[in-house]
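Next comes protein-v1.cif, with mmCIF, C-alpha atoms and all ligand atoms.
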data_coords
#
loop_
_atom_site.label_atom_id
_atom_site.label_comp_id
_atom_site.auth_asym_id
_atom_site.auth_seq_id
_atom_site.Cartn_x
_atom_site.Cartn_y
_atom_site.Cartn_z
CA MET A 1128 4.66 -34.77 18.55
CA THR A 1129 1.18 -33.85 19.78
CA ALA A 1130 -1.12 -36.18 21.77
CA SER A 1131 -4.40 -36.05 23.68
CA SER A 1132 -4.21 -36.14 27.47
CA TYR A 1133 -7.60 -37.41 28.66
CA ALA A 1134 -9.52 -36.54 31.83
CA LYS A 1135 -10.82 -39.25 34.17
CA ILE A 1136 -13.86 -39.58 36.34
CA ASN A 1137 -14.19 -41.68 39.48
CA LEU A 1138 -17.11 -44.06 39.14
CA GLY A 1139 -17.55 -44.21 42.91
CA LEU A 1140 -14.91 -43.67 45.59
CA LYS A 1141 -14.74 -45.28 49.05
CA VAL A 1142 -12.13 -44.44 51.66
CA LEU A 1143 -11.16 -47.57 53.57
CA GLY A 1144 -8.91 -46.12 56.26
CA LYS A 1145 -5.96 -43.92 57.16
CA ARG A 1146 -2.46 -45.26 56.55
CA PRO A 1147 0.70 -44.84 58.62
CA ASP A 1148 2.17 -42.63 55.84
CA GLY A 1149 -0.66 -40.10 56.28
CA PHE A 1150 -2.42 -41.04 53.02
CA HIS A 1151 -5.71 -42.94 52.86
CA ASP A 1152 -6.48 -46.32 51.34
CA ILE A 1153 -9.20 -45.97 48.73
CA ILE A 1154 -11.17 -48.15 46.34
CA SER A 1155 -12.57 -46.72 43.12
CA VAL A 1156 -13.09 -47.30 39.42
CA PHE A 1157 -11.28 -44.71 37.32
CA HIS A 1158 -12.40 -44.25 33.74
CA GLU A 1159 -10.90 -41.98 31.09
CA VAL A 1160 -13.33 -39.78 29.18
CA ASP A 1161 -12.84 -37.96 25.90
CA LEU A 1162 -12.44 -34.47 27.35
CA ALA A 1163 -8.73 -33.86 26.74
CA ASP A 1164 -5.84 -31.40 26.88
CA GLU A 1165 -3.48 -31.37 23.89
CA ILE A 1166 0.21 -31.77 24.69
CA THR A 1167 3.07 -31.08 22.29
CA LEU A 1168 6.49 -32.47 23.24
CA SER A 1169 9.68 -31.40 21.44
CA PRO A 1170 12.70 -33.32 22.76
CA SER A 1171 16.25 -31.92 22.86
CA GLU A 1172 19.60 -32.69 24.48
CA SER A 1173 19.84 -29.20 26.02
CA GLY A 1174 19.38 -30.43 29.58
CA ARG A 1175 16.47 -27.94 29.85
CA ILE A 1176 12.88 -28.85 30.64
CA ARG A 1177 10.41 -26.13 29.69
CA VAL A 1178 6.67 -26.30 30.32
CA THR A 1179 4.14 -23.74 29.13
CA SER A 1180 0.40 -24.01 29.74
CA SER A 1181 -2.42 -22.11 28.02
CA SER A 1182 -4.31 -21.64 31.30
CA SER A 1183 -3.33 -19.41 34.21
CA ASN A 1184 -4.80 -22.11 36.51
CA ALA A 1185 -2.11 -24.62 35.48
CA PRO A 1186 1.40 -23.30 36.20
CA ASP A 1187 4.29 -22.97 33.75
CA GLY A 1188 7.67 -24.44 34.76
CA PRO A 1189 8.63 -26.59 37.76
CA GLY A 1190 5.23 -26.21 39.49
CA ASN A 1191 3.60 -28.21 36.69
CA LEU A 1192 3.26 -32.00 37.24
CA ALA A 1193 4.38 -32.58 33.62
CA TYR A 1194 7.68 -30.84 34.45
CA GLN A 1195 8.08 -32.98 37.57
CA ALA A 1196 7.35 -36.13 35.56
CA ALA A 1197 10.02 -35.30 32.95
CA ASP A 1198 12.54 -34.41 35.67
CA VAL A 1199 11.93 -37.54 37.77
CA LEU A 1200 12.11 -39.70 34.63
CA ARG A 1201 15.51 -38.42 33.46
CA ARG A 1202 16.89 -38.67 37.03
CA SER A 1203 15.68 -42.26 37.30
CA VAL A 1204 17.85 -43.18 34.28
CA ASP A 1205 20.68 -40.79 35.22
CA ARG A 1206 20.50 -38.80 31.96
CA PRO A 1207 20.68 -35.11 33.01
CA GLU A 1208 21.46 -34.00 29.43
CA LEU A 1209 17.93 -34.87 28.28
CA GLY A 1210 15.66 -31.90 27.66
CA VAL A 1211 12.17 -31.24 26.34
CA ASP A 1212 9.79 -28.39 25.54
CA ILE A 1213 6.27 -29.25 26.68
CA CYS A 1214 3.32 -27.13 25.51
CA ILE A 1215 -0.05 -27.83 27.13
CA LEU A 1216 -3.32 -26.62 25.64
CA LYS A 1217 -5.66 -26.91 28.64
CA ARG A 1218 -9.27 -27.94 28.16
CA ILE A 1219 -9.74 -30.04 31.31
CA PRO A 1220 -10.89 -27.78 34.17
CA THR A 1221 -8.25 -27.66 36.91
CA GLY A 1222 -8.85 -28.59 40.54
CA GLY A 1223 -12.08 -30.37 39.74
CA GLY A 1224 -11.33 -34.03 40.46
CA LEU A 1225 -10.83 -34.82 36.76
CA GLY A 1226 -7.11 -35.59 37.10
CA GLY A 1227 -5.95 -33.09 34.47
CA GLY A 1228 -2.50 -32.49 35.99
CA SER A 1229 -1.95 -36.21 36.66
CA SER A 1230 -3.05 -37.02 33.12
CA ASN A 1231 -0.53 -34.55 31.67
CA ALA A 1232 2.19 -36.15 33.84
CA GLY A 1233 1.23 -39.72 32.82
CA LEU A 1234 1.21 -38.87 29.11
CA THR A 1235 4.55 -37.05 29.46
CA LEU A 1236 6.14 -40.16 31.05
CA CYS A 1237 4.83 -42.50 28.33
CA GLU A 1238 5.81 -40.24 25.44
CA LEU A 1239 9.27 -39.33 26.81
CA ASN A 1240 10.03 -43.00 27.45
CA ARG A 1241 9.49 -43.41 23.71
CA ILE A 1242 11.03 -40.26 22.24
CA TRP A 1243 14.02 -40.20 24.61
CA ASN A 1244 14.50 -43.90 23.66
CA LEU A 1245 14.67 -45.04 27.29
CA GLY A 1246 12.89 -48.36 26.81
CA LEU A 1247 11.70 -48.55 30.44
CA PRO A 1248 9.32 -51.47 31.01
CA ASN A 1249 5.77 -50.72 32.14
CA ASP A 1250 6.35 -51.64 35.81
CA ARG A 1251 9.26 -49.19 36.15
CA LEU A 1252 7.26 -46.47 34.44
CA LEU A 1253 4.44 -47.11 36.94
CA ASP A 1254 6.90 -46.76 39.87
CA VAL A 1255 8.18 -43.46 38.50
CA ALA A 1256 4.57 -42.34 38.00
CA ALA A 1257 3.65 -43.18 41.63
CA SER A 1258 6.50 -40.97 42.87
CA VAL A 1259 5.04 -38.02 40.93
CA GLY A 1260 1.47 -38.34 42.35
CA SER A 1261 -1.12 -40.86 43.54
CA ASP A 1262 -3.23 -40.66 40.36
CA VAL A 1263 -0.41 -40.63 37.80
CA PRO A 1264 0.04 -44.46 37.39
CA PHE A 1265 -3.57 -44.74 36.22
CA PHE A 1266 -2.82 -42.40 33.32
CA VAL A 1267 0.23 -44.45 32.26
CA GLN A 1268 -2.25 -47.28 31.72
CA GLY A 1269 -5.32 -45.34 30.57
CA GLY A 1270 -8.81 -46.67 29.83
CA ALA A 1271 -10.59 -48.17 32.83
CA ALA A 1272 -9.12 -49.57 36.04
CA LEU A 1273 -10.00 -50.77 39.51
CA VAL A 1274 -7.88 -48.53 41.73
CA THR A 1275 -6.77 -49.27 45.31
CA GLY A 1276 -3.96 -48.38 47.74
CA ARG A 1277 -3.51 -44.60 47.91
CA GLY A 1278 -4.55 -44.54 44.25
CA GLU A 1279 -1.38 -46.00 42.74
CA THR A 1280 -2.40 -49.68 42.65
CA ILE A 1281 -4.24 -50.24 39.39
CA GLN A 1282 -5.88 -53.26 37.89
CA PRO A 1283 -6.87 -52.50 34.27
CA VAL A 1284 -10.38 -53.76 33.49
CA ASP A 1285 -12.45 -54.15 30.34
CA SER A 1286 -15.50 -51.93 30.43
CA THR A 1287 -18.70 -52.36 28.46
CA GLY A 1288 -21.61 -49.95 27.97
CA ASP A 1289 -21.34 -46.53 26.38
CA PRO A 1290 -23.20 -43.93 28.46
CA VAL A 1291 -23.15 -40.27 27.51
CA ILE A 1292 -21.61 -38.45 30.45
CA VAL A 1293 -22.57 -34.90 31.39
CA LEU A 1294 -19.83 -33.18 33.39
CA VAL A 1295 -20.81 -30.10 35.38
CA ASP A 1296 -18.51 -27.51 36.90
CA PRO A 1297 -20.50 -26.30 39.94
CA GLY A 1298 -18.46 -23.10 40.13
CA PHE A 1299 -16.33 -23.86 43.19
CA ALA A 1300 -13.19 -25.92 43.78
CA VAL A 1301 -12.45 -28.49 46.50
CA SER A 1302 -8.96 -28.93 47.92
CA THR A 1303 -8.00 -32.63 48.05
CA PRO A 1304 -6.03 -32.37 51.36
CA TRP A 1305 -9.00 -30.48 52.90
CA ALA A 1306 -11.45 -33.18 51.79
CA PHE A 1307 -9.35 -36.07 53.13
CA GLY A 1308 -8.69 -34.13 56.36
CA LYS A 1309 -12.39 -33.45 57.02
CA LEU A 1310 -13.66 -36.91 56.20
CA ASN A 1311 -15.26 -38.90 59.00
CA ILE A 1312 -14.08 -42.35 58.07
CA GLU A 1313 -16.68 -44.98 58.83
CA LEU A 1314 -15.04 -48.30 58.36
CA THR A 1315 -17.59 -49.63 55.90
CA ARG A 1316 -15.78 -52.53 54.36
CA SER A 1317 -18.91 -53.94 52.81
CA SER A 1318 -21.64 -52.29 50.76
CA PRO A 1319 -23.32 -53.10 47.41
CA TYR A 1320 -20.64 -50.97 45.67
CA ILE A 1321 -17.72 -52.71 47.39
CA ARG A 1322 -19.23 -56.16 46.72
CA PHE A 1323 -19.69 -55.18 43.07
CA LEU A 1324 -16.05 -54.07 42.88
CA ASN A 1325 -14.91 -57.37 44.38
CA SER A 1326 -16.66 -59.13 41.50
CA VAL A 1327 -14.98 -56.72 39.05
CA ARG A 1328 -11.62 -57.62 40.59
CA THR A 1329 -12.28 -61.31 39.95
CA SER A 1330 -13.74 -61.03 36.45
CA GLY A 1331 -11.60 -58.13 35.17
CA GLN A 1332 -14.75 -56.69 33.58
CA VAL A 1333 -17.14 -53.90 34.47
CA ASP A 1334 -20.50 -53.00 32.98
CA LEU A 1335 -20.79 -49.22 33.20
CA LEU A 1336 -24.58 -49.20 33.11
CA ASP A 1337 -24.62 -51.45 36.22
CA LEU A 1338 -21.94 -49.39 37.92
CA PHE A 1339 -23.88 -46.14 37.43
CA SER A 1340 -26.82 -47.61 39.36
CA LEU A 1341 -24.88 -48.42 42.55
CA PHE A 1342 -21.76 -46.32 42.89
CA GLU A 1343 -21.05 -44.37 46.11
CA ASN A 1344 -18.71 -41.46 46.75
CA ASP A 1345 -17.71 -40.94 50.42
CA PHE A 1346 -16.87 -37.29 49.78
CA LEU A 1347 -20.31 -36.38 48.45
CA PRO A 1348 -22.00 -35.87 51.89
CA LEU A 1349 -19.07 -33.70 53.01
CA VAL A 1350 -18.98 -31.48 49.92
CA GLY A 1351 -22.80 -31.44 49.64
CA ALA A 1352 -23.13 -30.18 53.24
CA ARG A 1353 -20.83 -27.26 52.48
CA TYR A 1354 -22.26 -26.36 49.05
CA PRO A 1355 -26.07 -26.63 48.72
CA SER A 1356 -25.85 -26.30 44.91
CA VAL A 1357 -24.49 -29.89 44.79
CA GLN A 1358 -27.88 -31.45 45.65
CA ARG A 1359 -29.71 -29.13 43.25
CA ILE A 1360 -27.42 -30.08 40.35
CA LEU A 1361 -27.56 -33.82 41.12
CA SER A 1362 -31.39 -33.71 41.41
CA LEU A 1363 -31.67 -31.96 38.04
CA ILE A 1364 -29.42 -34.61 36.45
CA ARG A 1365 -31.44 -37.46 37.99
CA GLU A 1366 -34.79 -35.89 36.96
CA SER A 1367 -33.49 -35.73 33.37
CA GLY A 1368 -33.34 -39.54 33.27
CA ALA A 1369 -29.74 -40.28 34.31
CA LEU A 1370 -28.74 -43.85 35.19
CA GLY A 1371 -26.83 -42.34 38.09
CA ALA A 1372 -25.21 -39.09 39.20
CA SER A 1373 -22.25 -38.40 41.47
CA MET A 1374 -19.06 -36.41 42.00
CA SER A 1375 -15.62 -37.14 40.59
CA GLY A 1376 -12.87 -37.73 43.15
CA THR A 1377 -12.97 -35.29 46.03
CA GLY A 1378 -14.86 -32.84 43.80
CA ALA A 1379 -15.97 -30.51 42.72
CA THR A 1380 -16.96 -31.79 39.24
CA LEU A 1381 -20.41 -33.42 39.26
CA TYR A 1382 -21.62 -35.76 36.55
CA GLY A 1383 -24.42 -37.98 35.34
CA GLY A 1384 -24.39 -40.96 32.99
CA PHE A 1385 -27.20 -41.35 30.46
CA ALA A 1386 -28.21 -44.28 28.28
CA ARG A 1387 -29.93 -41.86 25.87
CA ALA A 1388 -28.04 -39.00 24.22
CA SER A 1389 -31.25 -36.90 24.01
CA ASP A 1390 -31.71 -37.05 27.81
CA ALA A 1391 -28.07 -36.06 28.30
CA GLN A 1392 -28.50 -33.10 25.95
CA GLU A 1393 -31.63 -32.00 27.79
CA ALA A 1394 -29.82 -32.09 31.15
CA ALA A 1395 -26.88 -30.17 29.65
CA ASP A 1396 -29.20 -27.49 28.22
CA ARG A 1397 -31.02 -27.03 31.52
CA LEU A 1398 -27.76 -26.75 33.47
CA GLN A 1399 -26.31 -24.29 30.95
CA ASP A 1400 -29.49 -22.19 31.24
CA GLN A 1401 -28.73 -21.96 34.95
CA GLY A 1402 -25.24 -20.64 34.18
CA TYR A 1403 -23.17 -23.79 34.73
CA THR A 1404 -20.29 -24.85 32.48
CA VAL A 1405 -21.05 -28.30 31.07
CA HIS A 1406 -19.13 -30.84 28.96
CA LEU A 1407 -20.68 -33.83 27.18
CA CYS A 1408 -18.32 -36.76 26.82
CA ARG A 1409 -17.97 -40.53 26.37
CA PRO A 1410 -15.80 -43.19 28.02
CA VAL A 1411 -12.38 -43.77 26.41
CA ARG A 1412 -11.10 -47.34 26.03
CA ARG A 1413 -7.66 -48.31 24.83
CA LEU A 1414 -4.68 -50.54 25.28
CA SER A 1415 -1.74 -49.44 27.39
CA ARG A 1416 0.16 -46.50 25.86
CA SER A 1417 3.61 -47.55 27.04
O1 LIG B 1501 -1.10 -37.68 45.79
P1 LIG B 1501 -1.73 -36.35 45.70
O2 LIG B 1501 -0.73 -35.25 45.53
O3 LIG B 1501 -2.85 -36.26 44.74
O4 LIG B 1501 -2.43 -36.10 47.13
C1 LIG B 1501 -2.76 -34.81 47.62
C2 LIG B 1501 -3.12 -34.91 49.10
O5 LIG B 1501 -4.38 -35.60 49.26
C3 LIG B 1501 -2.16 -35.70 49.96
O6 LIG B 1501 -1.12 -34.88 50.44
C4 LIG B 1501 -3.04 -36.20 51.09
O7 LIG B 1501 -3.27 -35.18 52.03
C5 LIG B 1501 -4.37 -36.45 50.39
N1 LIG B 1501 -4.55 -37.86 49.95
C6 LIG B 1501 -4.81 -38.84 50.90
N2 LIG B 1501 -5.00 -40.14 50.47
C7 LIG B 1501 -4.95 -40.46 49.16
C8 LIG B 1501 -4.69 -39.47 48.18
C9 LIG B 1501 -4.50 -38.17 48.61
O8 LIG B 1501 -4.87 -38.56 52.09
N3 LIG B 1501 -5.18 -41.72 48.78
#
Translate this file's structure into structure tokens.
Ligand code: C5P
Amino acid sequence: MTASSYAKINLGLKVLGKRPDGFHDIISVFHEVDLADEITLSPSESGRIRVTSSSSNAPDGPGNLAYQAADVLRRSVDRPELGVDICILKRIPTGGGLGGGSSNAGLTLCELNRIWNLGLPNDRLLDVAASVGSDVPFFVQGGAALVTGRGETIQPVDSTGDPVIVLVDPGFAVSTPWAFGKLNIELTRSSPYIRFLNSVRTSGQVDLLDLFSLFENDFLPLVGARYPSVQRILSLIRESGALGASMSGTGATLYGGFARASDAQEAADRLQDQGYTVHLCRPVRRLSRS
């Protein structure tokens, strides 16, 4: 079977503190967008997991998070005879804060639970997902979620509003461990963004057009100080009429959300003229896949 493995963007990201396990507690809204890899899974009982990817930036074999997801899943049910061939057609840029590898792993868990007939309930699938990577549980759920903990605690939310999102690859990559390591954590436990997210937690609903006007990303000053092109790209997006512009995750993908498709297209054209790779996309909403 073949399925779409969607990218996500972080609609804001605050780091709340360092944890005893070395990770950081965060708060963010994750939202899937319709930029997607295509994954084909062919199950077998050969005991062999094979992963091939169309991009040299995403590894074949055991280095791929989809491989690790399949392996952890069959171990968790003690079924070493289970095998699968996984073919990934990559469209999501790698290393850009769009969660491509985690998305592939989340989709692999959901689909193998079905086609290997494991029947694991959602909460067990989420535990397996968290052991593969901090962002993987979100992709088991999909859609939109308020995300806390080290990234593995997810509260699905209903989102409204349908902005056109312009994603921009600024031409450099940011290492996640580097970004967390360099961050000067100010213990800001209250801000308009955090107060807004507390109301989202209570209501279970988020209006994307509101969120775009007040989100904050703690990594933006850090990455912007190192790469001057960040401010130039964000200014261009804002001048084109965006509701808001920011960076996804720890970077480096930058984005803007637009109420009007014509403004989004104009921003995309101007950025492409300057040599940047750009994707236009929309939010994805759906019920749990598992
Ligand atoms: O979980 P994941 O593999 O994405 O994390 C990569 C690295 O990013 C971790 O090893 C850690 O250094 C850092 N990280 C963190 N706090 C988080 C998520 C990631 O410090 N909440």
**Study point:** Near-region 1274-1285 of chain A list (9 Å; all atoms listed in the file; drop same-chain fewer than 2 positions) as number ranges by chain
**Key:** A: 1146, 1150-1157, 1253-1254, 1256-1257, 1260-1265, 1268-1272, 1287, 1327-1328, 1330-1334, 1412
Exercise for review: Calculate how many Å separate atom O4 of ligand LIG 1501 (chain B) from CA of Ala1130 (chain A), rounding to one decimal.
Suggested key: 25.4 Å
Practice item. Quick one: pull the distance between CA of Pro1290 (chain A) and CA of Ala1134 (chain A), Å, one decimal. Key: 15.9 Å
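The set of protein, DNA and RNA residues with any counted atom at most 10 Å from (10.7, -32.7, 36.6) (all atoms listed in the file) reads Ile1176, Arg1177, Val1178, Gly1188, Pro1189, Gly1190, Asn1191, Leu1192, Ala1193, Tyr1194, Gln1195, Ala1196, Ala1197, Asp1198, Val1199, Leu1200, Arg1201, Arg1202, Ala1232 and Val1259 of chain A.
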Selected residues, C-alpha atoms, written as a PDB file, keeping the file's coordinate frame, please.
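The resulting again-v9.pdb:
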ATOM      1  CA  ILE A1176      12.880 -28.850  30.640  1.00  0.00           C
ATOM      2  CA  ARG A1177      10.410 -26.130  29.690  1.00  0.00           C
ATOM      3  CA  VAL A1178       6.670 -26.300  30.320  1.00  0.00           C
ATOM      4  CA  GLY A1188       7.670 -24.440  34.760  1.00  0.00           C
ATOM      5  CA  PRO A1189       8.630 -26.590  37.760  1.00  0.00           C
ATOM      6  CA  GLY A1190       5.230 -26.210  39.490  1.00  0.00           C
ATOM      7  CA  ASN A1191       3.600 -28.210  36.690  1.00  0.00           C
ATOM      8  CA  LEU A1192       3.260 -32.000  37.240  1.00  0.00           C
ATOM      9  CA  ALA A1193       4.380 -32.580  33.620  1.00  0.00           C
ATOM     10  CA  TYR A1194       7.680 -30.840  34.450  1.00  0.00           C
ATOM     11  CA  GLN A1195       8.080 -32.980  37.570  1.00  0.00           C
ATOM     12  CA  ALA A1196       7.350 -36.130  35.560  1.00  0.00           C
ATOM     13  CA  ALA A1197      10.020 -35.300  32.950  1.00  0.00           C
ATOM     14  CA  ASP A1198      12.540 -34.410  35.670  1.00  0.00           C
ATOM     15  CA  VAL A1199      11.930 -37.540  37.770  1.00  0.00           C
ATOM     16  CA  LEU A1200      12.110 -39.700  34.630  1.00  0.00           C
ATOM     17  CA  ARG A1201      15.510 -38.420  33.460  1.00  0.00           C
ATOM     18  CA  ARG A1202      16.890 -38.670  37.030  1.00  0.00           C
ATOM     19  CA  ALA A1232       2.190 -36.150  33.840  1.00  0.00           C
ATOM     20  CA  VAL A1259       5.040 -38.020  40.930  1.00  0.00           C
TER      21      VAL A1259
END
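Minimum atom-to-atom distance to ligand LIG 1501 (chain B), evaluated using only C-alpha atoms and all ligand atoms, belongs to A:Val1301 out of A:Val1301, A:Leu1370, A:Ala1394, A:Leu1347.
With distances taken over all atoms listed in the file, A:Arg1353 is the one residue among A:Arg1359, A:Arg1206, A:Arg1353, A:His1406 lying closest to Gly1378 (chain A).
Reported to one decimal place, the separation of CA of Ser1340 (chain A) from CA of Asp1390 (chain A) is 16.4 Å.
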Might you pull out every residue within 12 Å of Gly1402 (chain A), with only C-alpha atoms counted and same-chain residues fewer than 3 positions away left off, and present them as a compact mmCIF listing (two decimals) with C-alpha atoms, in the coordinates of the input?
# COMPACT_ATOMS: atom_id res chain seq x y z
CA VAL A 1295 -20.81 -30.10 35.38
CA ASP A 1296 -18.51 -27.51 36.90
CA PRO A 1297 -20.50 -26.30 39.94
CA GLY A 1298 -18.46 -23.10 40.13
CA ILE A 1360 -27.42 -30.08 40.35
CA ALA A 1395 -26.88 -30.17 29.65
CA ASP A 1396 -29.20 -27.49 28.22
CA ARG A 1397 -31.02 -27.03 31.52
CA LEU A 1398 -27.76 -26.75 33.47
CA GLN A 1399 -26.31 -24.29 30.95
CA VAL A 1405 -21.05 -28.30 31.07
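If you measure from each of A:Glu1238, A:Asp1337, A:Asp1212, A:Asp1148 to ligand LIG 1501 (chain B) using all atoms listed in the file, the closest one turns out to be A:Asp1148.
Taking only C-alpha atoms and all ligand atoms into account, ligand LIG 1501 (chain B) lies nearest to A:Leu1225 out of the set A:Leu1336, A:Leu1225, A:Leu1162, A:Met1128.
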**Study point:** Using only C-alpha atoms: which of A:Ala1386, A:Leu1407, A:Leu1338, A:Gly1139 has the shortest distance to Ala1163 (chain A)
**Key:** A:Leu1407
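When only C-alpha atoms are used to measure the gap to His1158 (chain A), the shortest distance among A:Cys1408, A:Leu1361, A:Ile1321, A:Ile1136 belongs to A:Ile1136.
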Point to revise | Distance query Pro1319 (chain A) at most 12 Å, only C-alpha atoms, self and fewer than 2 positions along chain excluded, as a ChimeraX atom specification | key: /A:1139,1141,1315-1317,1321-1326,1337-1338,1340-1343
Practice item. Counting only C-alpha atoms, note down every residue that has an atom within 10 Å of the point (22.0, -35.4, 20.6) (file coordinates), as a PyMOL selection string. Key: chain A and resi 1170-1173+1208-1209
Since fewer atoms than expected are present, regenerate N, CA, C and O atoms for region 1239-1250 of chain A and write them as a PDB file, in the coordinates of the input.
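Output file part26.pdb is given in full below:
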ATOM      1  N   LEU A1239       7.813 -39.534  26.688  1.00  0.00           N
ATOM      2  CA  LEU A1239       9.270 -39.330  26.810  1.00  0.00           C
ATOM      3  C   LEU A1239      10.010 -40.655  26.857  1.00  0.00           C
ATOM      4  O   LEU A1239      11.124 -40.766  26.352  1.00  0.00           O
ATOM      5  N   ASN A1240       9.400 -41.668  27.450  1.00  0.00           N
ATOM      6  CA  ASN A1240      10.030 -43.000  27.450  1.00  0.00           C
ATOM      7  C   ASN A1240      10.297 -43.426  26.013  1.00  0.00           C
ATOM      8  O   ASN A1240      11.321 -44.028  25.701  1.00  0.00           O
ATOM      9  N   ARG A1241       9.378 -43.047  25.126  1.00  0.00           N
ATOM     10  CA  ARG A1241       9.490 -43.410  23.710  1.00  0.00           C
ATOM     11  C   ARG A1241      10.477 -42.479  22.996  1.00  0.00           C
ATOM     12  O   ARG A1241      11.455 -42.935  22.404  1.00  0.00           O
ATOM     13  N   ILE A1242      10.235 -41.153  23.094  1.00  0.00           N
ATOM     14  CA  ILE A1242      11.030 -40.260  22.240  1.00  0.00           C
ATOM     15  C   ILE A1242      12.429 -39.992  22.791  1.00  0.00           C
ATOM     16  O   ILE A1242      13.318 -39.611  22.044  1.00  0.00           O
ATOM     17  N   TRP A1243      12.653 -40.249  24.080  1.00  0.00           N
ATOM     18  CA  TRP A1243      14.020 -40.200  24.610  1.00  0.00           C
ATOM     19  C   TRP A1243      14.690 -41.588  24.468  1.00  0.00           C
ATOM     20  O   TRP A1243      15.808 -41.789  24.945  1.00  0.00           O
ATOM     21  N   ASN A1244      13.979 -42.537  23.870  1.00  0.00           N
ATOM     22  CA  ASN A1244      14.500 -43.900  23.660  1.00  0.00           C
ATOM     23  C   ASN A1244      14.995 -44.564  24.935  1.00  0.00           C
ATOM     24  O   ASN A1244      16.066 -45.173  24.962  1.00  0.00           O
ATOM     25  N   LEU A1245      14.211 -44.483  26.011  1.00  0.00           N
ATOM     26  CA  LEU A1245      14.670 -45.040  27.290  1.00  0.00           C
ATOM     27  C   LEU A1245      14.349 -46.526  27.408  1.00  0.00           C
ATOM     28  O   LEU A1245      15.056 -47.263  28.098  1.00  0.00           O
ATOM     29  N   GLY A1246      13.267 -46.946  26.787  1.00  0.00           N
ATOM     30  CA  GLY A1246      12.890 -48.360  26.810  1.00  0.00           C
ATOM     31  C   GLY A1246      12.557 -48.910  28.187  1.00  0.00           C
ATOM     32  O   GLY A1246      12.746 -50.105  28.439  1.00  0.00           O
ATOM     33  N   LEU A1247      12.069 -48.039  29.101  1.00  0.00           N
ATOM     34  CA  LEU A1247      11.700 -48.550  30.440  1.00  0.00           C
ATOM     35  C   LEU A1247      10.490 -49.457  30.322  1.00  0.00           C
ATOM     36  O   LEU A1247       9.523 -49.126  29.646  1.00  0.00           O
ATOM     37  N   PRO A1248      10.499 -50.604  31.020  1.00  0.00           N
ATOM     38  CA  PRO A1248       9.320 -51.470  31.010  1.00  0.00           C
ATOM     39  C   PRO A1248       8.184 -50.826  31.809  1.00  0.00           C
ATOM     40  O   PRO A1248       8.418 -49.939  32.641  1.00  0.00           O
ATOM     41  N   ASN A1249       6.964 -51.321  31.548  1.00  0.00           N
ATOM     42  CA  ASN A1249       5.770 -50.720  32.140  1.00  0.00           C
ATOM     43  C   ASN A1249       5.852 -50.630  33.668  1.00  0.00           C
ATOM     44  O   ASN A1249       5.473 -49.607  34.253  1.00  0.00           O
ATOM     45  N   ASP A1250       6.373 -51.684  34.337  1.00  0.00           N
ATOM     46  CA  ASP A1250       6.350 -51.640  35.810  1.00  0.00           C
ATOM     47  C   ASP A1250       7.270 -50.557  36.354  1.00  0.00           C
ATOM     48  O   ASP A1250       6.966 -49.921  37.348  1.00  0.00           O
TER      49      ASP A1250
END
